[in-house]
4 protein chains.
Amino acid sequence: MRELIDIQSERDGRGVRLDEVGVSELRYPIRVAGAGDETQSTVATIAMAVRLPHDAKGTHMSRFVEALEAHRDAIAFAALPALLDDVRTRLDADRSTVDIAFPYFVERRAPVSGQLSRLAIECRFRGVATADDGDVTLEVRVPATSLCPCSKAISDYGAHNQRGYVTIAVRQRADEARPLDIEDLVAIADEAASCRIYPLLKRVDERAVTMAAFDNPKFVEDIARDVAGALRDDERVEWFGVRVENHESIHEHNAFAATEWTRAATPSSPRHNGCASTATGR
Amino acid sequence: MRELIDIQSERDGRGVRLDEVGVSELRYPIRVAGAGDETQSTVATIAMAVRLPHDAKGTHMSRFVEALEAHRDAIAFAALPALLDDVRTRLDADRSTVDIAFPYFVERRAPVSGQLSRLAIECRFRGVATADDGDVTLEVRVPATSLCPCSKAISDYGAHNQRGYVTIAVRQRADEARPLDIEDLVAIADEAASCRIYPLLKRVDERAVTMAAFDNPKFVEDIARDVAGALRDDERVEWFGVRVENHESIHEHNAFAATEWTRAATPSSPRHNGCASTATGR
Amino acid sequence: MRELIDIQSERDGRGVRLDEVGVSELRYPIRVAGAGDETQSTVATIAMAVRLPHDAKGTHMSRFVEALEAHRDAIAFAALPALLDDVRTRLDADRSTVDIAFPYFVERRAPVSGQLSRLAIECRFRGVATADDGDVTLEVRVPATSLCPCSKAISDYGAHNQRGYVTIAVRQRADEARPLDIEDLVAIADEAASCRIYPLLKRVDERAVTMAAFDNPKFVEDIARDVAGALRDDERVEWFGVRVENHESIHEHNAFAATEWTRAATPSSPRHNGCASTATGR
Amino acid sequence: MRELIDIQSERDGRGVRLDEVGVSELRYPIRVAGAGDETQSTVATIAMAVRLPHDAKGTHMSRFVEALEAHRDAIAFAALPALLDDVRTRLDADRSTVDIAFPYFVERRAPVSGQLSRLAIECRFRGVATADDGDVTLEVRVPATSLCPCSKAISDYGAHNQRGYVTIAVRQRADEARPLDIEDLVAIADEAASCRIYPLLKRVDERAVTMAAFDNPKFVEDIARDVAGALRDDERVEWFGVRVENHESIHEHNAFAATEWTRAATPSSPRHNGCASTATGR
């Protein structure tokens with residue numbers, strides 16, 4: 001067969017460097033590391049990209065899928081730097097980014113009956129790396145019940161409550177050996193809610209969660225602050241973003257609270273901000 | 001300019017008649033008739049199609065957009081037959097279908113303070129017609145608060161409640177002059193809920209809706225049945241479908257109840273079922 | 001602990017039977033039977049429901065999740081009747097429905113280089129059953145390339161082409177032992193397209209698919225008809241619905257073609273139509 | 001009526017300042033300023049928030065809807081500072097943010113036949129302001145046709161092409177009186193594509209756009225660079241982000257290119273980064 005021309009490898013004269021060139025909305029079956037030694041099969045939606053120098057015409061998109069096919073059985077927060085390096089090498093690039101979103105299922109035991117079911121937690125690994133520097137963040141989105149303190153206080157009985165979502169993104173301190181994992185962040189969100197959510201509740205359980213939520217009213221602001229407090233107290237966390245969004249039962253819109261925080265003691269090393277700054281944005 | 005070949009008008013030998021050939025996911029600015037003489041500007045997502053005989057190669061897709069451009073300022077449930085006729089004529093077809101989905105805003109006055117705000121109701125006009133017969137349905141999706149009777153009964157205090165959606169589709173009796181409109185159906189959904197929803201509530205209003213919902217617990221089944229009862233009692237209704245879906249605050253999944261009904265007195269004329277049978281399906 | 005009242009089991013006097021009462025939008029990890037003996041882990045979005053007699057107040061929603069937890073490791077088209085029976089038994093109901101949607105990954109080898117990648121096919125098992133009768137359908141949605149015959153014929157060079165989706169739903173003949181499976185339907189959709197789609201293509205492959213599509217122009221009508229023809233020729237098929245939707249590259253809306261067909265030789269037994277009639281609807 | 005307690009106004013002792021507390025996913029009918037003196041009715045999805053000091057318990061969510069109701073008839077990029085000020089005043093806050101997303105329709109005349117239709121452009125106004133400083137950005141998402149240069153170069157005939165989306169966000173220079181508007185950015189995206197998109201094309205038009213795209217092949221990288229070049233050349237632009245995403249016709253995933261740029265001559269004043277940094281993120 002004749003040699004096919006490689007347009008992507010030609011020179012470009014427009015002088016515009018592109019921060020990210022790659023693939024997005026790629027759905028792929030992956031295996032993800034869970035708590036302990038367990039791994040879990042799931043389905044990811046993936047974006048992968050490289051930085052393109054001002055004088056290169058294009059990148060070679062098929063190599064992203066090759067990289068993913070090679071790594072898909074061992075996706076983990078701790079393995080992100082290796083994936084980022086491999087992408088950079090395969091694409092002959094000086095900077096790579098990956099964004100891997102997937103549902104991860106946690107087991108739930110109903111609070112009184114103890115019955116088992118599984119709850120989907122939307123998770124996201126995001127990373128960016130050059131040869132010298134890198135940044136990876138872990139994000140989870142946890143459904144939760146919130147019960148409105150104002151509604152409870154001003155009413156003779158009852159209180160409006162609703163399903164909400166607690167989204168937490170974290171960057172781990174570079175010198176920390178003990179890894180942060182998905183289940184750690186889920187536990188923090190569960191603890192901050194008026195009540196945690198279960199796919200399976202018998203009547204005895206429903207009684208328990210109804211009264212637990214009523215005993216524990218929380219504004220969207222309260223949940224965000226309690227999450228923030230727990231993350232500050234965890235020495236492994238260097239940076240976090242939290243966003244709590246309640247699907248108000250008395251409105252059709254949501255109430256939300258969001259904040260970011262960086263540990264002060266951290267030396268203010270320059271950071272690639274392609275990753276963390278948008279971790280909890282819409 | 002040379003004459004361009006018209007491939008669509010060629011003959012097809014495969015012997016397959018196509019029920020619907022057309023355009024979908026077309027977003028267009030329209031004006032819609034509301035209650036009384038009012039019209040409302042909104043943004044629709046539209047599908048339009050014709051039946052294609054077994055021996056015709058293809059249809060002429062651009063004519064659907066021409067028809068829409070001609071009718072976009074006067075979209076109404078009552079005007080659907082005229083639009084269906086025009087599509088059939090322009091496309092030289094024996095059967096046409098249209099599906100026009102759009103948000104319609106109703107004014108809401110908060111129950112105590114009386115403050116004004118506007119609530120989006122997702123609406124849908126669906127129609128199908130031949131030269132001799134036709135069928136049009138009107139669908140609305142109304143957000144609503146529901147409060148769980150079981151949770152209230154088994155708990156010492158509190159009750160879980162949540163945002164839900166009441167979807168109602170109706171076909172009007174052919175001999176009925178008084179038209180059913182969007183606001184009629186919204187009123188039925190509002191009445192059947194534990195409490196209606198408002199975009200704007202001051203504290204005095206929040207107290208009122210909290211206690212109203214607690215005083216009026218409803219399963220998803222109850223809401224569906226109360227809607228069904230109201231629609232049966234409305235002589236103008238020949239057929240309806242209702243689907244109520246509650247975004248449970250104690251789960252991440254929904255609870256739903258759905259049913260369809262046709263007025264028995266109606267002569268069982270054969271119906272094109274491209275329209276009504278799926279009116280409330282997902 | 002005191003006995004908790006069971007409100008759902010109370011009598012209801014409104015006289016409204018509900019066709020479906022259950023759970024929806026429930027995400028759960030499942031294992032699904034693939035071609036041959038293989039099974040595949042994936043993530044499903046599930047609805048399950050029962051019919052509620054006119055005099056029963058409510059159903060017991062937690063039992064749906066119990067049924068799913070019991071069956072989640074062995075979900076298959078052929079196993080749907082057993083799941084439907086189990087739901088009916090657990091819920092003490094006379095009719096049950098299930099709707100299980102999930103991505104299933106098929107292996108793809110690039111046409112020239114032979115490189116391996118995996119393509120997500122959105123699938124759906126739908127079923128409804130009473131003690132005496134039942135109906136199950138299998139649906140797949142296959143991405144595909146289409147190239148416009150009109151654009152090719154009227155232009156001196158080039159032709160617009162685009163990503164489209166071929167959705168096929170089938171009901172199998174009751175007396176057929178050889179099962180229809182996901183990969184059968186994917187093969188029919190692939191064959192009917194201008195060219196099949198691959199996640200990973202090297203330059204030699206890109207040349208091949210570009211020219212293959214140009215050599216094989218197809219209207220949305222053509223793809224629908226070729227799928228219809230192949231399904232009619234498959235003796236195992238009793239009923240099918242097909243919907244092809246092209247995301248036009250020259251418009252922001254889609255072009256679509258849809259049709260349904262029932263094998264004439266089939267005795268016209270009355271069918272529960274909760275399932276098939278909406279199989280390819282939006 | 002008794003005085004209702006105002007829990008939101010209580011003190012909070014957790015010491016966590018919240019960057020944003022407010023409402024999101026609020027749908028509302030608005031009128032938006034277009035080119036020249038024209039205004040356009042459309043439907044927006046809105047988020048509004050304020051910063052909450054570390055010692056305030058909560059904010060008063062209903063006031064956001066009051067502000068929106070007051071301003072909804074005169075939404076414009078240039079009017080964003082006034083809206084931000086009003087939110088800050090009503091909520092008694094030191095910083096406010098707004099995010100208003102809506103479809104805006106531009107008229108399109110088919111290139112040969114001249115026939116008129118209307119194309120939806122997803123737009124977004126984002127702003128953040130304190131008493132002393134502020135930042136507003138305008139974002140548009142323009143559908144466009146792209147045709148692959150590699151596919152064209154390596155194939156004997158044909159070339160894959162597809163629908164894509166060009167998203168452009170800009171911040172205007174503070175000293176610039178001539179306003180940037182939606183139609184300016186749409187024109188830049190149109191110019192950079194292989195061919196612009198029209199809702200309505202007759203056969204003579206389809207021939208024209210097919211050949212125009214074939215004559216003008218563009219990688220996703222090329223489109224991003226040509227947009228970047230045009231924005232750099234516009235003296236009114238202080239900062240921009242561009243993201244081009246092609247819905248590849250030969251894959252089910254997308255190809256994308258993204259970059260940001262800040263005018264060097266601009267004094268590097270500290271910026272609130274709640275707005276621009278995420279302007280083109282997903």
# chains A, B, ... in the order shown; residues from 1 in each chain; ligands from 1
$ select_by_dssp --residues "region 19-184 of chain B" --states "alpha helix (DSSP H)" --output "ChimeraX atom specification"
/B:62-71,80-91,149-154,182-184
$ write_last_selection --atoms "N, CA and C atoms" --output "PDB file, in the first residue's frame"
ATOM      1  N   SER B  62     -36.632  19.758   3.638  1.00  0.00           N
ATOM      2  CA  SER B  62     -36.620  21.209   3.825  1.00  0.00           C
ATOM      3  C   SER B  62     -38.032  21.779   3.950  1.00  0.00           C
ATOM      4  N   ARG B  63     -39.011  21.054   3.411  1.00  0.00           N
ATOM      5  CA  ARG B  63     -40.386  21.586   3.439  1.00  0.00           C
ATOM      6  C   ARG B  63     -40.994  21.604   4.845  1.00  0.00           C
ATOM      7  N   PHE B  64     -40.484  20.727   5.709  1.00  0.00           N
ATOM      8  CA  PHE B  64     -40.969  20.777   7.096  1.00  0.00           C
ATOM      9  C   PHE B  64     -40.599  22.108   7.738  1.00  0.00           C
ATOM     10  N   VAL B  65     -39.389  22.566   7.483  1.00  0.00           N
ATOM     11  CA  VAL B  65     -38.947  23.831   8.083  1.00  0.00           C
ATOM     12  C   VAL B  65     -39.716  24.998   7.461  1.00  0.00           C
ATOM     13  N   GLU B  66     -40.008  24.897   6.175  1.00  0.00           N
ATOM     14  CA  GLU B  66     -40.842  25.925   5.536  1.00  0.00           C
ATOM     15  C   GLU B  66     -42.228  25.991   6.197  1.00  0.00           C
ATOM     16  N   ALA B  67     -42.814  24.833   6.447  1.00  0.00           N
ATOM     17  CA  ALA B  67     -44.128  24.814   7.103  1.00  0.00           C
ATOM     18  C   ALA B  67     -44.053  25.430   8.495  1.00  0.00           C
ATOM     19  N   LEU B  68     -43.010  25.088   9.226  1.00  0.00           N
ATOM     20  CA  LEU B  68     -42.858  25.605  10.582  1.00  0.00           C
ATOM     21  C   LEU B  68     -42.675  27.117  10.571  1.00  0.00           C
ATOM     22  N   GLU B  69     -41.826  27.593   9.673  1.00  0.00           N
ATOM     23  CA  GLU B  69     -41.602  29.040   9.554  1.00  0.00           C
ATOM     24  C   GLU B  69     -42.921  29.769   9.255  1.00  0.00           C
ATOM     25  N   ALA B  70     -43.795  29.136   8.494  1.00  0.00           N
ATOM     26  CA  ALA B  70     -45.080  29.764   8.139  1.00  0.00           C
ATOM     27  C   ALA B  70     -46.058  29.794   9.316  1.00  0.00           C
ATOM     28  N   HIS B  71     -45.970  28.802  10.213  1.00  0.00           N
ATOM     29  CA  HIS B  71     -46.969  28.671  11.283  1.00  0.00           C
ATOM     30  C   HIS B  71     -46.455  29.102  12.656  1.00  0.00           C
ATOM     31  N   LEU B  80     -53.647  22.720  15.558  1.00  0.00           N
ATOM     32  CA  LEU B  80     -52.839  21.591  15.113  1.00  0.00           C
ATOM     33  C   LEU B  80     -53.365  20.955  13.821  1.00  0.00           C
ATOM     34  N   PRO B  81     -54.676  20.746  13.694  1.00  0.00           N
ATOM     35  CA  PRO B  81     -55.174  20.158  12.440  1.00  0.00           C
ATOM     36  C   PRO B  81     -54.780  20.959  11.202  1.00  0.00           C
ATOM     37  N   ALA B  82     -54.813  22.267  11.295  1.00  0.00           N
ATOM     38  CA  ALA B  82     -54.429  23.077  10.139  1.00  0.00           C
ATOM     39  C   ALA B  82     -52.950  22.897   9.805  1.00  0.00           C
ATOM     40  N   LEU B  83     -52.114  22.817  10.819  1.00  0.00           N
ATOM     41  CA  LEU B  83     -50.688  22.591  10.589  1.00  0.00           C
ATOM     42  C   LEU B  83     -50.465  21.213   9.963  1.00  0.00           C
ATOM     43  N   LEU B  84     -51.178  20.227  10.484  1.00  0.00           N
ATOM     44  CA  LEU B  84     -51.045  18.862   9.942  1.00  0.00           C
ATOM     45  C   LEU B  84     -51.461  18.815   8.464  1.00  0.00           C
ATOM     46  N   ASP B  85     -52.530  19.514   8.145  1.00  0.00           N
ATOM     47  CA  ASP B  85     -52.982  19.570   6.742  1.00  0.00           C
ATOM     48  C   ASP B  85     -51.935  20.225   5.864  1.00  0.00           C
ATOM     49  N   ASP B  86     -51.394  21.323   6.352  1.00  0.00           N
ATOM     50  CA  ASP B  86     -50.415  22.054   5.549  1.00  0.00           C
ATOM     51  C   ASP B  86     -49.169  21.196   5.299  1.00  0.00           C
ATOM     52  N   VAL B  87     -48.733  20.493   6.310  1.00  0.00           N
ATOM     53  CA  VAL B  87     -47.568  19.612   6.133  1.00  0.00           C
ATOM     54  C   VAL B  87     -47.884  18.555   5.080  1.00  0.00           C
ATOM     55  N   ARG B  88     -49.063  17.970   5.162  1.00  0.00           N
ATOM     56  CA  ARG B  88     -49.441  16.925   4.202  1.00  0.00           C
ATOM     57  C   ARG B  88     -49.453  17.475   2.771  1.00  0.00           C
ATOM     58  N   THR B  89     -49.972  18.684   2.630  1.00  0.00           N
ATOM     59  CA  THR B  89     -50.031  19.296   1.307  1.00  0.00           C
ATOM     60  C   THR B  89     -48.635  19.629   0.773  1.00  0.00           C
ATOM     61  N   ARG B  90     -47.845  20.288   1.605  1.00  0.00           N
ATOM     62  CA  ARG B  90     -46.506  20.684   1.154  1.00  0.00           C
ATOM     63  C   ARG B  90     -45.645  19.475   0.793  1.00  0.00           C
ATOM     64  N   LEU B  91     -45.824  18.388   1.532  1.00  0.00           N
ATOM     65  CA  LEU B  91     -44.971  17.211   1.326  1.00  0.00           C
ATOM     66  C   LEU B  91     -45.626  16.210   0.390  1.00  0.00           C
ATOM     67  N   PRO B 149     -47.558   9.392  52.927  1.00  0.00           N
ATOM     68  CA  PRO B 149     -48.467   9.023  54.021  1.00  0.00           C
ATOM     69  C   PRO B 149     -47.897   7.935  54.924  1.00  0.00           C
ATOM     70  N   CYS B 150     -47.149   7.007  54.356  1.00  0.00           N
ATOM     71  CA  CYS B 150     -46.568   5.932  55.159  1.00  0.00           C
ATOM     72  C   CYS B 150     -45.544   6.509  56.125  1.00  0.00           C
ATOM     73  N   SER B 151     -44.645   7.326  55.601  1.00  0.00           N
ATOM     74  CA  SER B 151     -43.616   7.935  56.442  1.00  0.00           C
ATOM     75  C   SER B 151     -44.251   8.718  57.586  1.00  0.00           C
ATOM     76  N   LYS B 152     -45.311   9.471  57.288  1.00  0.00           N
ATOM     77  CA  LYS B 152     -45.997  10.252  58.329  1.00  0.00           C
ATOM     78  C   LYS B 152     -46.637   9.341  59.367  1.00  0.00           C
ATOM     79  N   ALA B 153     -47.273   8.259  58.894  1.00  0.00           N
ATOM     80  CA  ALA B 153     -48.025   7.397  59.809  1.00  0.00           C
ATOM     81  C   ALA B 153     -47.121   6.595  60.735  1.00  0.00           C
ATOM     82  N   ILE B 154     -45.957   6.190  60.245  1.00  0.00           N
ATOM     83  CA  ILE B 154     -45.115   5.294  61.049  1.00  0.00           C
ATOM     84  C   ILE B 154     -44.086   6.037  61.893  1.00  0.00           C
ATOM     85  N   ILE B 182     -54.029  24.285  28.512  1.00  0.00           N
ATOM     86  CA  ILE B 182     -52.904  23.982  29.391  1.00  0.00           C
ATOM     87  C   ILE B 182     -53.250  24.277  30.840  1.00  0.00           C
ATOM     88  N   GLU B 183     -53.851  25.420  31.073  1.00  0.00           N
ATOM     89  CA  GLU B 183     -54.109  25.834  32.455  1.00  0.00           C
ATOM     90  C   GLU B 183     -55.145  24.932  33.145  1.00  0.00           C
ATOM     91  N   ASP B 184     -56.072  24.377  32.381  1.00  0.00           N
ATOM     92  CA  ASP B 184     -57.012  23.406  32.959  1.00  0.00           C
ATOM     93  C   ASP B 184     -56.264  22.211  33.550  1.00  0.00           C
TER      94      ASP B 184
END
$ interface_residues --of "chain D" --to "chain A" --cutoff "7 Å" --atoms "only C-alpha atoms" --output "list in words"
Leu4, Ile5, Ile7, Val16, Leu18, Asp19, Glu20, Val21, Gly22, Val23, Ser24, Glu25, Leu26, Gly58, Cys150, Ile154, Glu221, Arg225, His253, Asn254, Ala255, Phe256, Ala257, Ala258, Thr259, Thr278 and Arg282 of chain D
$ write_last_selection --atoms "C-alpha atoms" --output "CSV table (one decimal), in the first residue's frame"
chain,number,residue,atom,x,y,z
D,4,LEU,CA,-41.6,34.1,62.3
D,5,ILE,CA,-38.1,33.3,63.4
D,7,ILE,CA,-32.9,31.3,61.2
D,16,VAL,CA,-16.3,28.7,56.9
D,18,LEU,CA,-18.9,30.2,51.4
D,19,ASP,CA,-18.0,31.6,48.0
D,20,GLU,CA,-21.4,31.1,46.5
D,21,VAL,CA,-24.8,30.5,48.1
D,22,GLY,CA,-27.9,30.8,45.9
D,23,VAL,CA,-30.3,29.2,43.4
D,24,SER,CA,-29.6,27.2,40.3
D,25,GLU,CA,-31.5,25.5,37.5
D,26,LEU,CA,-34.2,28.2,37.7
D,58,GLY,CA,-27.7,31.4,55.7
D,150,CYS,CA,-6.7,14.1,6.8
D,154,ILE,CA,-5.6,10.2,2.2
D,221,GLU,CA,-7.5,22.3,15.8
D,225,ARG,CA,-6.9,28.5,15.8
D,253,HIS,CA,-16.9,10.0,20.6
D,254,ASN,CA,-16.0,13.6,19.9
D,255,ALA,CA,-12.7,15.3,18.9
D,256,PHE,CA,-12.0,18.6,20.6
D,257,ALA,CA,-9.6,21.5,20.9
D,258,ALA,CA,-9.5,24.2,23.5
D,259,THR,CA,-7.4,27.1,24.5
D,278,THR,CA,-14.6,27.9,33.7
D,282,ARG,CA,-18.0,21.2,30.6
$ closest_residue --among "C:Ile100, C:Val32, C:Cys123, C:Val140" --to "Val186 (chain C)" --atoms "only C-alpha atoms"
C:Val140
$ atom_distance --atom1 "CA of Ala187 (chain A)" --atom2 "CA of Thr145 (chain A)"
14.0 Å
$ select_by_dssp --residues "region 44-131 of chain B" --states "strand (DSSP E)" --output "PyMOL selection string"
chain B and resi 44-52+95-109+116-130
$ residues_around --residues "region 38-44 of chain D" --least-positions-apart "5" --cutoff "12 Å" --atoms "only C-alpha atoms" --output "count of residues only"
49
$ residues_around --residues "Asp181 (chain D)" --least-positions-apart "3" --cutoff "9 Å" --atoms "only C-alpha atoms" --output "PyMOL selection string"
chain D and resi 34-35+77+138+184-186
$ residues_around --residues "Gly158 (chain D)" --least-positions-apart "6" --cutoff "7 Å" --atoms "only C-alpha atoms" --output "PyMOL selection string"
(chain C and resi 158-159+210-211+214) or (chain D and resi 152)
$ write_last_selection --atoms "all heavy atoms" --output "short mmCIF file (atom, residue, chain, number, x, y, z; two decimals), in the first residue's frame"
data_model
loop_
_atom_site.label_atom_id
_atom_site.label_comp_id
_atom_site.auth_asym_id
_atom_site.auth_seq_id
_atom_site.Cartn_x
_atom_site.Cartn_y
_atom_site.Cartn_z
N GLY C 158 -17.47 15.58 -3.18
CA GLY C 158 -17.85 15.54 -1.77
C GLY C 158 -19.28 15.09 -1.58
O GLY C 158 -20.03 14.84 -2.55
N ALA C 159 -19.68 14.98 -0.32
CA ALA C 159 -21.04 14.61 0.07
C ALA C 159 -21.12 14.76 1.57
O ALA C 159 -20.18 14.36 2.28
CB ALA C 159 -21.36 13.17 -0.32
N THR C 210 -13.74 6.17 4.89
CA THR C 210 -14.14 7.35 4.10
C THR C 210 -14.64 6.91 2.72
O THR C 210 -15.72 7.33 2.26
CB THR C 210 -12.95 8.32 3.93
OG1 THR C 210 -12.53 8.79 5.21
CG2 THR C 210 -13.33 9.50 3.05
N MET C 211 -13.88 6.05 2.08
CA MET C 211 -14.25 5.63 0.73
C MET C 211 -15.43 4.65 0.75
O MET C 211 -16.28 4.68 -0.15
CB MET C 211 -13.02 5.07 0.02
CG MET C 211 -11.98 6.17 -0.24
SD MET C 211 -10.33 5.57 -0.72
CE MET C 211 -10.73 4.82 -2.30
N PHE C 214 -18.52 6.74 0.99
CA PHE C 214 -18.78 7.45 -0.27
C PHE C 214 -19.32 6.49 -1.33
O PHE C 214 -20.15 6.87 -2.17
CB PHE C 214 -17.51 8.14 -0.77
CG PHE C 214 -17.77 9.23 -1.77
CD1 PHE C 214 -18.18 10.49 -1.36
CD2 PHE C 214 -17.62 9.01 -3.14
CE1 PHE C 214 -18.43 11.51 -2.29
CE2 PHE C 214 -17.86 10.02 -4.07
CZ PHE C 214 -18.27 11.27 -3.64
N LYS D 152 -9.72 13.70 3.70
CA LYS D 152 -9.72 14.15 2.30
C LYS D 152 -8.39 13.83 1.62
O LYS D 152 -8.35 13.35 0.48
CB LYS D 152 -10.01 15.66 2.24
CG LYS D 152 -9.98 16.24 0.82
CD LYS D 152 -10.30 17.73 0.81
CE LYS D 152 -10.13 18.33 -0.59
NZ LYS D 152 -10.39 19.77 -0.64
#
$ atom_distance --atom1 "CA of Arg232 (chain B)" --atom2 "CA of Ala78 (chain B)"
21.3 Å
$ closest_residue --among "A:Asp175, A:Ala230, A:Ser146, A:Arg11" --to "Gln162 (chain B)" --atoms "only C-alpha atoms"
A:Ser146
$ residues_around --residues "Arg171 (chain D)" --least-positions-apart "2" --cutoff "10 Å" --atoms "only C-alpha atoms" --output "mmCIF file with N, CA and C atoms, in the first residue's frame"
data_model
loop_
_atom_site.group_PDB
_atom_site.id
_atom_site.type_symbol
_atom_site.label_atom_id
_atom_site.label_comp_id
_atom_site.auth_asym_id
_atom_site.auth_seq_id
_atom_site.Cartn_x
_atom_site.Cartn_y
_atom_site.Cartn_z
ATOM 1 N N ARG D 126 -22.213 35.470 32.088
ATOM 2 C CA ARG D 126 -21.751 35.144 33.435
ATOM 3 C C ARG D 126 -21.119 36.376 34.050
ATOM 4 N N ASP D 135 -16.494 41.400 36.937
ATOM 5 C CA ASP D 135 -16.038 40.678 35.754
ATOM 6 C C ASP D 135 -17.259 40.066 35.098
ATOM 7 N N VAL D 136 -17.428 40.328 33.807
ATOM 8 C CA VAL D 136 -18.537 39.693 33.086
ATOM 9 C C VAL D 136 -17.995 39.059 31.802
ATOM 10 N N THR D 137 -18.551 37.917 31.459
ATOM 11 C CA THR D 137 -18.167 37.271 30.203
ATOM 12 C C THR D 137 -19.412 36.889 29.427
ATOM 13 N N LEU D 138 -19.228 36.823 28.113
ATOM 14 C CA LEU D 138 -20.279 36.435 27.178
ATOM 15 C C LEU D 138 -19.822 35.156 26.488
ATOM 16 N N GLU D 139 -20.701 34.181 26.416
ATOM 17 C CA GLU D 139 -20.343 32.912 25.780
ATOM 18 C C GLU D 139 -21.406 32.533 24.757
ATOM 19 N N ALA D 169 -15.992 32.103 24.555
ATOM 20 C CA ALA D 169 -16.291 32.991 25.690
ATOM 21 C C ALA D 169 -15.326 34.161 25.638
ATOM 22 N N ARG D 173 -12.512 44.417 26.996
ATOM 23 C CA ARG D 173 -11.604 45.351 27.662
ATOM 24 C C ARG D 173 -12.410 46.438 28.366
ATOM 25 N N ALA D 174 -11.957 46.811 29.543
ATOM 26 C CA ALA D 174 -12.711 47.738 30.392
ATOM 27 C C ALA D 174 -12.888 49.093 29.723
ATOM 28 N N LEU D 180 -19.051 44.176 22.402
ATOM 29 C CA LEU D 180 -19.090 42.875 21.738
ATOM 30 C C LEU D 180 -20.491 42.328 21.893
ATOM 31 N N ARG D 236 -11.294 44.780 20.990
ATOM 32 C CA ARG D 236 -12.224 44.846 22.132
ATOM 33 C C ARG D 236 -12.045 43.698 23.110
ATOM 34 N N VAL D 237 -11.388 42.625 22.665
ATOM 35 C CA VAL D 237 -11.284 41.404 23.482
ATOM 36 C C VAL D 237 -10.096 41.474 24.429
ATOM 37 N N GLU D 238 -10.361 41.312 25.708
ATOM 38 C CA GLU D 238 -9.267 41.270 26.682
ATOM 39 C C GLU D 238 -8.846 39.824 26.955
ATOM 40 N N TRP D 239 -9.838 38.948 27.054
ATOM 41 C CA TRP D 239 -9.577 37.521 27.313
ATOM 42 C C TRP D 239 -10.553 36.703 26.497
ATOM 43 N N PHE D 240 -10.130 35.530 26.061
ATOM 44 C CA PHE D 240 -11.103 34.604 25.483
ATOM 45 C C PHE D 240 -10.753 33.160 25.820
ATOM 46 N N GLY D 241 -11.787 32.337 25.771
ATOM 47 C CA GLY D 241 -11.624 30.891 25.790
ATOM 48 C C GLY D 241 -12.362 30.362 24.568
ATOM 49 N N THR D 262 -5.117 35.640 27.126
ATOM 50 C CA THR D 262 -5.323 36.956 27.735
ATOM 51 C C THR D 262 -4.430 37.961 27.040
ATOM 52 N N CYS D 275 -15.530 33.344 37.282
ATOM 53 C CA CYS D 275 -16.278 33.499 36.045
ATOM 54 C C CYS D 275 -15.545 32.970 34.839
ATOM 55 N N ALA D 276 -14.433 33.620 34.510
ATOM 56 C CA ALA D 276 -13.842 33.344 33.217
ATOM 57 C C ALA D 276 -13.173 31.982 33.152
#
$ atom_distance --atom1 "CA of Pro53 (chain A)" --atom2 "CA of Ser96 (chain A)"
12.3 Å
$ closest_residue --among "D:Asp132, D:Lys202, D:Val227, D:Ala208" --to "Ser117 (chain D)" --atoms "only C-alpha atoms"
D:Lys202
